[in-house]
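S.K.: Below is protein30.cif; it holds mmCIF, C-alpha atoms and all ligand atoms.
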```cif
data_target
loop_
_atom_site.label_atom_id
_atom_site.label_comp_id
_atom_site.auth_asym_id
_atom_site.auth_seq_id
_atom_site.Cartn_x
_atom_site.Cartn_y
_atom_site.Cartn_z
CA MET A 1098 85.36 64.50 67.45
CA LEU A 1099 83.56 67.13 65.39
CA GLN A 1100 80.98 66.30 62.75
CA ILE A 1101 79.24 68.92 60.68
CA LYS A 1102 76.31 67.60 58.71
CA ASN A 1103 74.60 69.57 55.97
CA LEU A 1104 74.87 72.93 57.73
CA TYR A 1105 72.82 75.86 56.40
CA LYS A 1106 73.07 79.40 57.65
CA SER A 1107 71.69 82.57 56.15
CA TYR A 1108 71.53 86.20 57.27
CA GLU A 1109 68.58 88.51 56.84
CA THR A 1110 69.20 92.15 56.04
CA SER A 1111 66.48 94.62 55.08
CA LYS A 1112 64.01 91.85 54.27
CA THR A 1113 66.38 89.96 52.00
CA ARG A 1114 67.63 86.64 53.22
CA TYR A 1115 70.87 85.51 51.73
CA PRO A 1116 72.60 82.22 52.34
CA VAL A 1117 76.16 82.11 53.65
CA LEU A 1118 76.63 78.41 54.40
CA LYS A 1119 74.84 76.22 51.86
CA GLY A 1120 75.05 72.65 53.07
CA ILE A 1121 78.47 72.17 54.63
CA SER A 1122 79.52 68.68 55.74
CA PHE A 1123 82.89 67.62 57.11
CA HIS A 1124 84.45 66.03 60.17
CA VAL A 1125 87.54 66.57 62.27
CA GLU A 1126 89.20 63.56 63.89
CA PRO A 1127 90.71 63.58 67.40
CA GLY A 1128 94.22 64.99 67.34
CA GLU A 1129 93.82 66.55 63.90
CA PHE A 1130 94.98 70.09 63.08
CA VAL A 1131 92.67 71.37 60.34
CA ALA A 1132 92.60 74.74 58.57
CA VAL A 1133 89.68 76.44 56.82
CA MET A 1134 90.61 78.81 54.02
CA GLY A 1135 88.58 80.82 51.53
CA SER A 1136 88.22 84.36 50.27
CA SER A 1137 86.84 87.17 52.41
CA GLY A 1138 83.11 86.73 52.88
CA SER A 1139 83.13 83.02 52.02
CA GLY A 1140 81.62 82.19 55.43
CA LYS A 1141 84.65 81.05 57.45
CA SER A 1142 83.90 83.05 60.59
CA THR A 1143 80.20 82.24 60.27
CA LEU A 1144 81.09 78.53 60.26
CA LEU A 1145 83.32 78.92 63.33
CA ASN A 1146 80.67 80.98 65.13
CA CYS A 1147 78.06 78.28 64.50
CA ILE A 1148 80.40 75.63 65.97
CA SER A 1149 81.18 77.99 68.88
CA CYS A 1150 77.41 78.17 69.60
CA TYR A 1151 77.56 81.96 69.22
CA ILE A 1152 75.03 82.12 66.39
CA PRO A 1153 72.05 79.95 65.51
CA TYR A 1154 71.82 78.04 62.22
CA GLU A 1155 68.73 76.98 60.30
CA LYS A 1156 69.49 73.48 59.18
CA GLY A 1157 71.96 70.70 59.78
CA ASN A 1158 73.75 69.19 62.75
CA ILE A 1159 76.90 69.96 64.66
CA LEU A 1160 78.12 67.08 66.81
CA LEU A 1161 80.92 67.60 69.29
CA GLY A 1162 81.90 64.15 70.50
CA GLU A 1163 78.52 62.48 71.01
CA GLN A 1164 76.70 65.73 71.76
CA ASP A 1165 74.46 67.38 69.16
CA LEU A 1166 74.92 71.09 69.93
CA GLY A 1167 71.52 71.91 68.41
CA GLU A 1168 69.81 70.02 71.24
CA LEU A 1169 71.31 72.09 74.05
CA ASP A 1170 69.57 74.90 75.93
CA LYS A 1171 71.30 78.16 76.82
CA GLU A 1172 72.82 76.75 79.98
CA GLY A 1173 74.06 73.63 78.20
CA LEU A 1174 75.66 75.73 75.47
CA ALA A 1175 77.44 77.90 78.06
CA LYS A 1176 78.78 74.73 79.70
CA VAL A 1177 80.04 73.37 76.36
CA ARG A 1178 81.71 76.71 75.59
CA ASN A 1179 83.53 76.73 78.90
CA GLU A 1180 84.36 73.06 79.29
CA LYS A 1181 84.56 71.50 75.84
CA LEU A 1182 85.79 74.30 73.59
CA GLY A 1183 88.87 76.50 73.62
CA PHE A 1184 89.00 79.78 71.71
CA VAL A 1185 91.78 81.77 70.08
CA PHE A 1186 90.93 85.05 68.35
CA GLN A 1187 92.77 87.32 65.94
CA ASP A 1188 92.93 90.13 68.50
CA PHE A 1189 94.00 87.90 71.42
CA MET A 1190 91.16 88.99 73.77
CA LEU A 1191 93.34 89.03 76.87
CA LEU A 1192 92.31 91.01 79.94
CA ASP A 1193 94.66 93.98 80.35
CA GLY A 1194 94.45 94.05 84.14
CA LEU A 1195 95.55 90.43 84.55
CA SER A 1196 99.04 88.94 84.22
CA VAL A 1197 99.90 86.31 81.59
CA LYS A 1198 99.46 83.52 84.13
CA GLU A 1199 96.16 84.92 85.43
CA ASN A 1200 94.83 85.28 81.87
CA ILE A 1201 95.65 81.64 81.18
CA LEU A 1202 93.72 80.62 84.31
CA ILE A 1203 90.50 82.54 83.46
CA PRO A 1204 88.56 79.49 82.18
CA ARG A 1205 89.44 77.65 85.40
CA ILE A 1206 88.45 80.64 87.54
CA ILE A 1207 85.07 80.66 85.77
CA ARG A 1208 84.70 76.98 86.69
CA GLU A 1209 85.81 77.80 90.22
CA ASN A 1210 88.57 75.21 90.08
CA ALA A 1211 91.74 77.25 89.75
CA ASP A 1212 93.40 74.79 92.12
CA LYS A 1213 97.03 73.68 92.50
CA GLU A 1214 96.66 71.30 89.57
CA ALA A 1215 95.47 74.20 87.37
CA LEU A 1216 98.38 76.41 88.49
CA ASP A 1217 100.85 73.63 87.70
CA TYR A 1218 99.21 73.01 84.33
CA ALA A 1219 99.44 76.74 83.49
CA ASP A 1220 103.17 76.58 84.31
CA LYS A 1221 103.58 73.52 82.09
CA LEU A 1222 101.82 75.25 79.17
CA MET A 1223 103.91 78.40 79.59
CA GLU A 1224 107.10 76.29 79.62
CA LEU A 1225 105.96 74.46 76.50
CA PHE A 1226 105.18 77.66 74.62
CA GLY A 1227 108.28 79.58 75.76
CA ILE A 1228 106.45 82.26 77.77
CA ILE A 1229 107.26 81.17 81.34
CA HIS A 1230 109.75 84.04 81.75
CA ILE A 1231 106.95 86.59 81.21
CA LYS A 1232 104.32 84.92 83.41
CA ASP A 1233 103.93 87.94 85.71
CA LYS A 1234 103.92 90.53 82.94
CA TYR A 1235 100.77 92.26 81.67
CA PRO A 1236 99.49 92.04 78.07
CA ALA A 1237 100.47 95.66 77.35
CA ASP A 1238 104.11 94.84 78.13
CA ILE A 1239 104.60 91.78 75.87
CA SER A 1240 104.75 91.24 72.09
CA GLY A 1241 101.86 90.20 69.85
CA GLY A 1242 103.33 86.73 69.39
CA GLU A 1243 103.69 86.33 73.16
CA ARG A 1244 100.10 87.50 73.69
CA GLN A 1245 98.83 84.96 71.22
CA ARG A 1246 100.84 82.12 72.79
CA CYS A 1247 99.27 83.18 76.10
CA ALA A 1248 95.84 82.93 74.41
CA VAL A 1249 96.69 79.45 73.08
CA ALA A 1250 97.66 78.37 76.62
CA ARG A 1251 94.37 79.81 77.93
CA SER A 1252 92.44 77.85 75.28
CA LEU A 1253 94.06 74.63 76.56
CA ILE A 1254 93.77 75.08 80.33
CA ASN A 1255 90.43 73.23 80.52
CA ASP A 1256 91.64 70.37 78.29
CA PRO A 1257 88.95 71.08 75.72
CA LEU A 1258 87.75 68.58 73.11
CA LEU A 1259 88.30 71.15 70.37
CA ILE A 1260 90.15 74.42 69.89
CA LEU A 1261 88.59 76.95 67.54
CA ALA A 1262 90.88 79.64 66.21
CA ASP A 1263 89.77 82.48 63.90
CA GLU A 1264 92.74 84.06 62.13
CA PRO A 1265 95.09 83.49 65.09
CA THR A 1266 98.07 84.77 63.10
CA GLY A 1267 96.16 87.57 61.35
CA ASN A 1268 97.80 90.33 63.39
CA LEU A 1269 101.29 88.82 63.53
CA ASP A 1270 104.48 88.99 61.47
CA SER A 1271 105.81 85.76 59.99
CA LYS A 1272 108.21 84.99 62.86
CA SER A 1273 105.52 85.42 65.53
CA SER A 1274 103.05 83.49 63.37
CA ARG A 1275 105.47 80.59 63.23
CA ALA A 1276 105.78 80.61 67.05
CA VAL A 1277 101.98 80.49 67.41
CA ILE A 1278 101.66 77.65 64.89
CA GLU A 1279 104.44 75.84 66.77
CA ALA A 1280 102.38 76.22 69.95
CA PHE A 1281 99.44 74.52 68.18
CA GLU A 1282 101.75 71.78 66.91
CA LYS A 1283 103.05 71.18 70.45
CA ALA A 1284 99.47 71.09 71.80
CA LYS A 1285 98.69 68.45 69.19
CA GLU A 1286 101.81 66.41 69.95
CA GLU A 1287 101.84 66.70 73.76
CA MET A 1288 98.15 66.96 74.60
CA ASN A 1289 96.66 65.30 71.52
CA SER A 1290 94.66 68.52 70.99
CA THR A 1291 92.23 68.86 68.12
CA ILE A 1292 92.36 72.23 66.37
CA LEU A 1293 90.17 73.90 63.76
CA MET A 1294 91.75 77.11 62.52
CA VAL A 1295 90.47 79.69 60.05
CA THR A 1296 93.30 81.43 58.23
CA HIS A 1297 94.08 83.54 55.18
CA ASP A 1298 97.70 82.60 55.43
CA SER A 1299 98.92 79.66 53.32
CA PHE A 1300 102.14 79.53 55.35
CA SER A 1301 100.23 78.90 58.60
CA ALA A 1302 97.85 76.47 56.87
CA SER A 1303 100.75 74.49 55.41
CA PHE A 1304 101.54 73.13 58.91
CA CYS A 1305 98.06 71.58 59.20
CA ASP A 1306 97.11 67.97 58.52
CA ARG A 1307 94.26 69.01 56.24
CA VAL A 1308 92.94 72.19 54.67
CA ILE A 1309 89.28 72.77 53.83
CA LEU A 1310 88.72 75.31 51.07
CA LEU A 1311 85.41 77.22 51.26
CA LYS A 1312 83.96 79.02 48.27
CA ASP A 1313 80.57 80.72 48.14
CA GLY A 1314 79.23 78.81 51.14
CA VAL A 1315 80.20 75.32 50.01
CA ILE A 1316 83.33 73.19 50.37
CA TYR A 1317 85.30 73.55 47.17
CA LYS A 1318 87.99 71.04 48.07
CA GLN A 1319 89.73 69.36 51.01
CA LEU A 1320 93.47 68.89 50.77
CA ASN A 1321 95.42 66.43 52.89
CA ARG A 1322 98.94 67.39 53.78
CA ILE A 1323 101.41 65.51 51.67
CA GLY A 1324 105.16 65.86 51.51
CA SER A 1325 107.06 68.63 53.24
CA GLN A 1326 105.50 71.78 54.69
CA ASN A 1327 107.08 73.76 51.90
CA SER A 1328 105.69 71.59 49.11
CA PHE A 1329 102.25 71.53 50.80
CA GLN A 1330 102.26 75.35 50.81
CA GLY A 1331 102.94 75.29 47.06
CA TYR A 1332 100.14 72.76 46.56
CA LEU A 1333 97.78 74.98 48.62
CA LEU A 1334 98.66 78.12 46.68
CA ASP A 1335 97.94 76.31 43.40
CA ALA A 1336 94.55 75.10 44.68
CA ILE A 1337 93.63 78.60 45.93
CA LYS A 1338 94.58 80.10 42.57
CA GLU A 1339 92.52 77.46 40.76
CA MET A 1340 89.56 78.14 43.11
CA SER A 1341 89.66 81.87 42.30
CA GLU A 1342 89.61 81.15 38.56
CA VAL A 1343 86.57 78.87 38.40
N1 LIG A 1401 75.70 89.35 61.51
C1 LIG A 1401 75.62 89.41 60.17
N2 LIG A 1401 74.54 89.90 59.56
C2 LIG A 1401 74.45 89.93 58.21
N3 LIG A 1401 75.41 89.49 57.39
C3 LIG A 1401 76.52 88.97 57.94
C4 LIG A 1401 76.69 88.92 59.36
N4 LIG A 1401 77.90 88.35 59.62
C5 LIG A 1401 78.46 88.08 58.42
N5 LIG A 1401 77.64 88.45 57.40
C6 LIG A 1401 77.90 88.28 55.96
O1 LIG A 1401 78.07 86.89 55.71
C7 LIG A 1401 79.11 86.67 54.78
C8 LIG A 1401 80.18 85.75 55.38
O2 LIG A 1401 80.80 86.43 56.46
P1 LIG A 1401 81.97 85.79 57.30
O3 LIG A 1401 82.33 86.77 58.36
O4 LIG A 1401 81.60 84.43 57.72
O5 LIG A 1401 83.14 85.70 56.20
P2 LIG A 1401 84.67 85.29 56.34
O6 LIG A 1401 84.90 84.20 55.36
O7 LIG A 1401 85.01 85.05 57.75
O8 LIG A 1401 85.40 86.62 55.81
P3 LIG A 1401 86.79 87.29 56.28
O9 LIG A 1401 87.86 86.48 55.60
O10 LIG A 1401 86.71 88.67 55.72
O11 LIG A 1401 86.87 87.26 57.76
C9 LIG A 1401 79.63 88.03 54.37
O12 LIG A 1401 79.01 88.40 53.18
C10 LIG A 1401 79.20 88.93 55.53
O13 LIG A 1401 78.99 90.24 55.09
MG MG A 1402 86.26 86.01 59.15
#
```
As a first step, turn the structure in this file into C-alpha cells.
M.R.:
Amino acid sequence: MLQIKNLYKSYETSKTRYPVLKGISFHVEPGEFVAVMGSSGSGKSTLLNCISCYIPYEKGNILLGEQDLGELDKEGLAKVRNEKLGFVFQDFMLLDGLSVKENILIPRIIRENADKEALDYADKLMELFGIIHIKDKYPADISGGERQRCAVARSLINDPLLILADEPTGNLDSKSSRAVIEAFEKAKEEMNSTILMVTHDSFSASFCDRVILLKDGVIYKQLNRIGSQNSFQGYLLDAIKEMSEV
C-alpha cells in the first residue's frame, strides 16, 4: 500500500543544511493501523508531509499503491491528495461556516460528485462514529472529540488508499482520544482502511498494529502489537524509555 524507500530530507536555514530524515525505509500493508512515535523534532511531521506531497524530498521513493509520488507533476499530486489520501490534523481543520455533514462532504464537493451515494455514505460514517445526532450542528457548537470524529469521517468520504493523521488526539482528553481511536479502529474493521498516525501518546499508539519509533531521523525500532492493548502500552513505554537513554 505504502512503501517508503531510503527517504532523505533536509532543511536549509541561513546557509546551513541539516538533515531531518536520514534514509527512512518502511512499508504499510493494506488494512494496517500504524503509529509513528519519537521525541519532538525527530522528523515525524516532516515524514508525514513528504508522504502528503506537501514538501519535496531530496532522495528516496514514496510509493502509494503502484504510483511513485516523486514522478507526479503538480496536477497529479493534487489529484492524489484529493482522491487517494485522507487527512486528519491535530487542530481538526473544519470549516466553521459549514455543518458537520457539509464538512464531511467537502472532498466530494471538490470532486464535484457530492451525489446521493456520497450523502448516504456520509450518513453511514456519522452513524458509525456516533455523531449522526449532531449532523446539522456547526463546529463551534460541538466538542473537540466530536470535531475530530467529523474530521475522521471527512478523511474517509473519498475511500482513500491511505489516511494520514498528525497528532489526531493531541488536543483531546483521554476519553475523547479513545473515541477518535475507536473511529479509526472501526474504519479499519468496516472499510479496511489503512492508517498512518503520528502520535506522542502511548495510549493511542497502543491500539495500533505496529509502532515505528523515530530517533534523530532514522528508524530506531518497529514494534508489532502483541498481547493486550494494556500490555502493548507497557511494552511501548519501555521501548521509548530505552530509546531516550541510548
Ligand atoms: N520548514 C522548516 N524549515 C526548517 N526547519 C524545519 C522546518 N520544518 C521542520 N523543521 C525542523 O526539522 C526538525 C523536525 O521537525 P518535525 O516538525 O518533523 O518534528 P516532529 O517530530 O513532528 O516534532 P513534534 O513532535 O514537535 O511535532 C525540527 O528540528 C524542526 O525544527
Ligand atoms: Mg510534528
S.K.: With all atoms listed in the file counted, which protein, DNA or RNA residues have an atom no more than 10 Å from (105.1, 84.2, 65.3) in the file frame? Please answer as a PyMOL selection string.
M.R.: chain A and resi 1240-1243+1245-1246+1266+1268-1280+1301
S.K.: Which neighbours of Leu1258 of chain A fall inside 7 Å, counting all atoms listed in the file, when residues of the same chain fewer than 2 positions from it are skipped, and could you give them as number ranges by chain?
M.R.: A: 1181-1182, 1256, 1291
S.K.: How close does chain A get to ligand LIG 1401 (chain A)? List, as JSON lines, each residue of chain A within 12 Å, its nearest atom pair and the distance in Å to one decimal, counting all atoms listed in the file.
M.R.:
```
{"residue": "A:Lys1106", "atom": "CA", "partner": "A:LIG1401", "partner_atom": "O1", "distance": 9.2}
{"residue": "A:Ser1107", "atom": "CA", "partner": "A:LIG1401", "partner_atom": "O1", "distance": 7.7}
{"residue": "A:Tyr1108", "atom": "CA", "partner": "A:LIG1401", "partner_atom": "C2", "distance": 4.8}
{"residue": "A:Glu1109", "atom": "CA", "partner": "A:LIG1401", "partner_atom": "C2", "distance": 6.2}
{"residue": "A:Thr1110", "atom": "CA", "partner": "A:LIG1401", "partner_atom": "C2", "distance": 6.1}
{"residue": "A:Ser1111", "atom": "CA", "partner": "A:LIG1401", "partner_atom": "C2", "distance": 9.8}
{"residue": "A:Lys1112", "atom": "CA", "partner": "A:LIG1401", "partner_atom": "C2", "distance": 11.3}
{"residue": "A:Thr1113", "atom": "CA", "partner": "A:LIG1401", "partner_atom": "C2", "distance": 10.2}
{"residue": "A:Arg1114", "atom": "CA", "partner": "A:LIG1401", "partner_atom": "C2", "distance": 9.1}
{"residue": "A:Tyr1115", "atom": "CA", "partner": "A:LIG1401", "partner_atom": "N3", "distance": 8.3}
{"residue": "A:Pro1116", "atom": "CA", "partner": "A:LIG1401", "partner_atom": "O1", "distance": 7.9}
{"residue": "A:Val1117", "atom": "CA", "partner": "A:LIG1401", "partner_atom": "O1", "distance": 5.5}
{"residue": "A:Leu1118", "atom": "CA", "partner": "A:LIG1401", "partner_atom": "C8", "distance": 8.2}
{"residue": "A:Lys1119", "atom": "CA", "partner": "A:LIG1401", "partner_atom": "C8", "distance": 11.5}
{"residue": "A:Val1133", "atom": "CA", "partner": "A:LIG1401", "partner_atom": "O6", "distance": 9.2}
{"residue": "A:Met1134", "atom": "CA", "partner": "A:LIG1401", "partner_atom": "O6", "distance": 8.0}
{"residue": "A:Gly1135", "atom": "CA", "partner": "A:LIG1401", "partner_atom": "O6", "distance": 6.3}
{"residue": "A:Ser1136", "atom": "CA", "partner": "A:LIG1401", "partner_atom": "O9", "distance": 5.7}
{"residue": "A:Ser1137", "atom": "CA", "partner": "A:LIG1401", "partner_atom": "O9", "distance": 3.4}
{"residue": "A:Gly1138", "atom": "CA", "partner": "A:LIG1401", "partner_atom": "O5", "distance": 3.5}
{"residue": "A:Ser1139", "atom": "CA", "partner": "A:LIG1401", "partner_atom": "O6", "distance": 4.0}
{"residue": "A:Gly1140", "atom": "CA", "partner": "A:LIG1401", "partner_atom": "O4", "distance": 3.2}
{"residue": "A:Lys1141", "atom": "CA", "partner": "A:LIG1401", "partner_atom": "O6", "distance": 3.8}
{"residue": "A:Ser1142", "atom": "CA", "partner": "A:LIG1401", "partner_atom": "O7", "distance": 3.6}
{"residue": "A:Thr1143", "atom": "CA", "partner": "A:LIG1401", "partner_atom": "O4", "distance": 3.6}
{"residue": "A:Leu1144", "atom": "CA", "partner": "A:LIG1401", "partner_atom": "O4", "distance": 6.4}
{"residue": "A:Leu1145", "atom": "CA", "partner": "A:LIG1401", "partner_atom": "O4", "distance": 8.0}
{"residue": "A:Asn1146", "atom": "CA", "partner": "A:LIG1401", "partner_atom": "O4", "distance": 8.2}
{"residue": "A:Cys1147", "atom": "CA", "partner": "A:LIG1401", "partner_atom": "O4", "distance": 9.8}
{"residue": "A:Tyr1151", "atom": "CA", "partner": "A:LIG1401", "partner_atom": "N1", "distance": 10.8}
{"residue": "A:Ile1152", "atom": "CA", "partner": "A:LIG1401", "partner_atom": "N1", "distance": 8.7}
{"residue": "A:Pro1153", "atom": "CA", "partner": "A:LIG1401", "partner_atom": "N1", "distance": 10.8}
{"residue": "A:Tyr1154", "atom": "CA", "partner": "A:LIG1401", "partner_atom": "N1", "distance": 12.0}
{"residue": "A:Phe1186", "atom": "CA", "partner": "A:LIG1401", "partner_atom": "O11", "distance": 11.6}
{"residue": "A:Gln1187", "atom": "CA", "partner": "A:LIG1401", "partner_atom": "O11", "distance": 10.1}
{"residue": "A:Ala1262", "atom": "CA", "partner": "A:LIG1401", "partner_atom": "O7", "distance": 11.6}
{"residue": "A:Asp1263", "atom": "CA", "partner": "A:LIG1401", "partner_atom": "O7", "distance": 8.2}
{"residue": "A:Glu1264", "atom": "CA", "partner": "A:LIG1401", "partner_atom": "O11", "distance": 8.0}
{"residue": "A:Pro1265", "atom": "CA", "partner": "A:LIG1401", "partner_atom": "O11", "distance": 11.6}
{"residue": "A:Gly1267", "atom": "CA", "partner": "A:LIG1401", "partner_atom": "O11", "distance": 10.0}
{"residue": "A:Met1294", "atom": "CA", "partner": "A:LIG1401", "partner_atom": "O7", "distance": 11.5}
{"residue": "A:Val1295", "atom": "CA", "partner": "A:LIG1401", "partner_atom": "O7", "distance": 8.0}
{"residue": "A:Thr1296", "atom": "CA", "partner": "A:LIG1401", "partner_atom": "O9", "distance": 7.9}
{"residue": "A:His1297", "atom": "CA", "partner": "A:LIG1401", "partner_atom": "O9", "distance": 6.9}
{"residue": "A:Asp1298", "atom": "CA", "partner": "A:LIG1401", "partner_atom": "O9", "distance": 10.6}
{"residue": "A:Leu1310", "atom": "CA", "partner": "A:LIG1401", "partner_atom": "O6", "distance": 10.6}
{"residue": "A:Leu1311", "atom": "CA", "partner": "A:LIG1401", "partner_atom": "O6", "distance": 8.1}
{"residue": "A:Lys1312", "atom": "CA", "partner": "A:LIG1401", "partner_atom": "O6", "distance": 8.8}
{"residue": "A:Asp1313", "atom": "CA", "partner": "A:LIG1401", "partner_atom": "C8", "distance": 8.8}
{"residue": "A:Gly1314", "atom": "CA", "partner": "A:LIG1401", "partner_atom": "C8", "distance": 8.2}
{"residue": "A:Val1315", "atom": "CA", "partner": "A:LIG1401", "partner_atom": "O6", "distance": 11.4}
```
S.K.: One decimal, in Å: what's the spacing between atom CA of Ile1201 of chain A and atom CA of Ala1284 of chain A?
M.R.: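 A separation of 14.6 Å between them.
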S.K.: Would you mind reading off the distance between atom CA of Arg1307 of chain A and atom CA of Glu1129 of chain A, one decimal, in Å?
M.R.: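 Going from atom CA of Arg1307 of chain A over to atom CA of Glu1129 of chain A covers 8.1 Å.
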S.K.: For Lys1234 of chain A, list every protein, DNA or RNA residue within 7 Å, evaluated using only C-alpha atoms, and leave out those in the same chain fewer than 3 positions away; present the list as a PyMOL selection string.
M.R.: chain A and resi 1196-1197+1231+1238
S.K.: Fewer than 6 positions away in the same chain doesn't count, so skip those; otherwise give me all residues within 10 Å of Ser1325 of chain A, counting all atoms listed in the file, as a list in words.
M.R.: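 With the cut-off at 10 Å, the set is Ser1303, Phe1304 and Gly1331 of chain A.
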S.K.: Using only C-alpha atoms, find the one residue out of A:Val1308, A:Leu1334, A:Leu1191, A:Leu1253 that sits nearest to Phe1281 of chain A.
M.R.: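 Closest to Phe1281 of chain A of all the choices is A:Leu1253.
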S.K.: Between atom CA of Glu1163 of chain A and atom CA of Val1177 of chain A, what is the distance in Å, rounded to a tenth?
M.R.: 12.2 Å
S.K.: Leaving out segment 1155-1162 of chain A and any residue of its chain fewer than 3 positions from it, which residues lie within 7 Å of it when counting only C-alpha atoms, given as a VMD selection string?
M.R.: chain A and resid 1098 to 1106 1148 1165 to 1167
S.K.: Deliver the residues from the most recent selection as a file, using C-alpha atoms, as a PDB file, in the frame of the given file.
M.R.:
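For reference, out.pdb as written:
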```
ATOM      1  CA  MET A1098      85.360  64.500  67.450  1.00  0.00           C
ATOM      2  CA  LEU A1099      83.560  67.130  65.390  1.00  0.00           C
ATOM      3  CA  GLN A1100      80.980  66.300  62.750  1.00  0.00           C
ATOM      4  CA  ILE A1101      79.240  68.920  60.680  1.00  0.00           C
ATOM      5  CA  LYS A1102      76.310  67.600  58.710  1.00  0.00           C
ATOM      6  CA  ASN A1103      74.600  69.570  55.970  1.00  0.00           C
ATOM      7  CA  LEU A1104      74.870  72.930  57.730  1.00  0.00           C
ATOM      8  CA  TYR A1105      72.820  75.860  56.400  1.00  0.00           C
ATOM      9  CA  LYS A1106      73.070  79.400  57.650  1.00  0.00           C
ATOM     10  CA  ILE A1148      80.400  75.630  65.970  1.00  0.00           C
ATOM     11  CA  ASP A1165      74.460  67.380  69.160  1.00  0.00           C
ATOM     12  CA  LEU A1166      74.920  71.090  69.930  1.00  0.00           C
ATOM     13  CA  GLY A1167      71.520  71.910  68.410  1.00  0.00           C
TER      14      GLY A1167
END
```
S.K.: Please identify all polymer residues within 7 Å of Gln1330 of chain A, counting only C-alpha atoms, omitting same-chain residues fewer than 3 positions from it, and present them as a ChimeraX atom specification.
M.R.: /A:1299-1300,1303,1326-1327,1333-1334
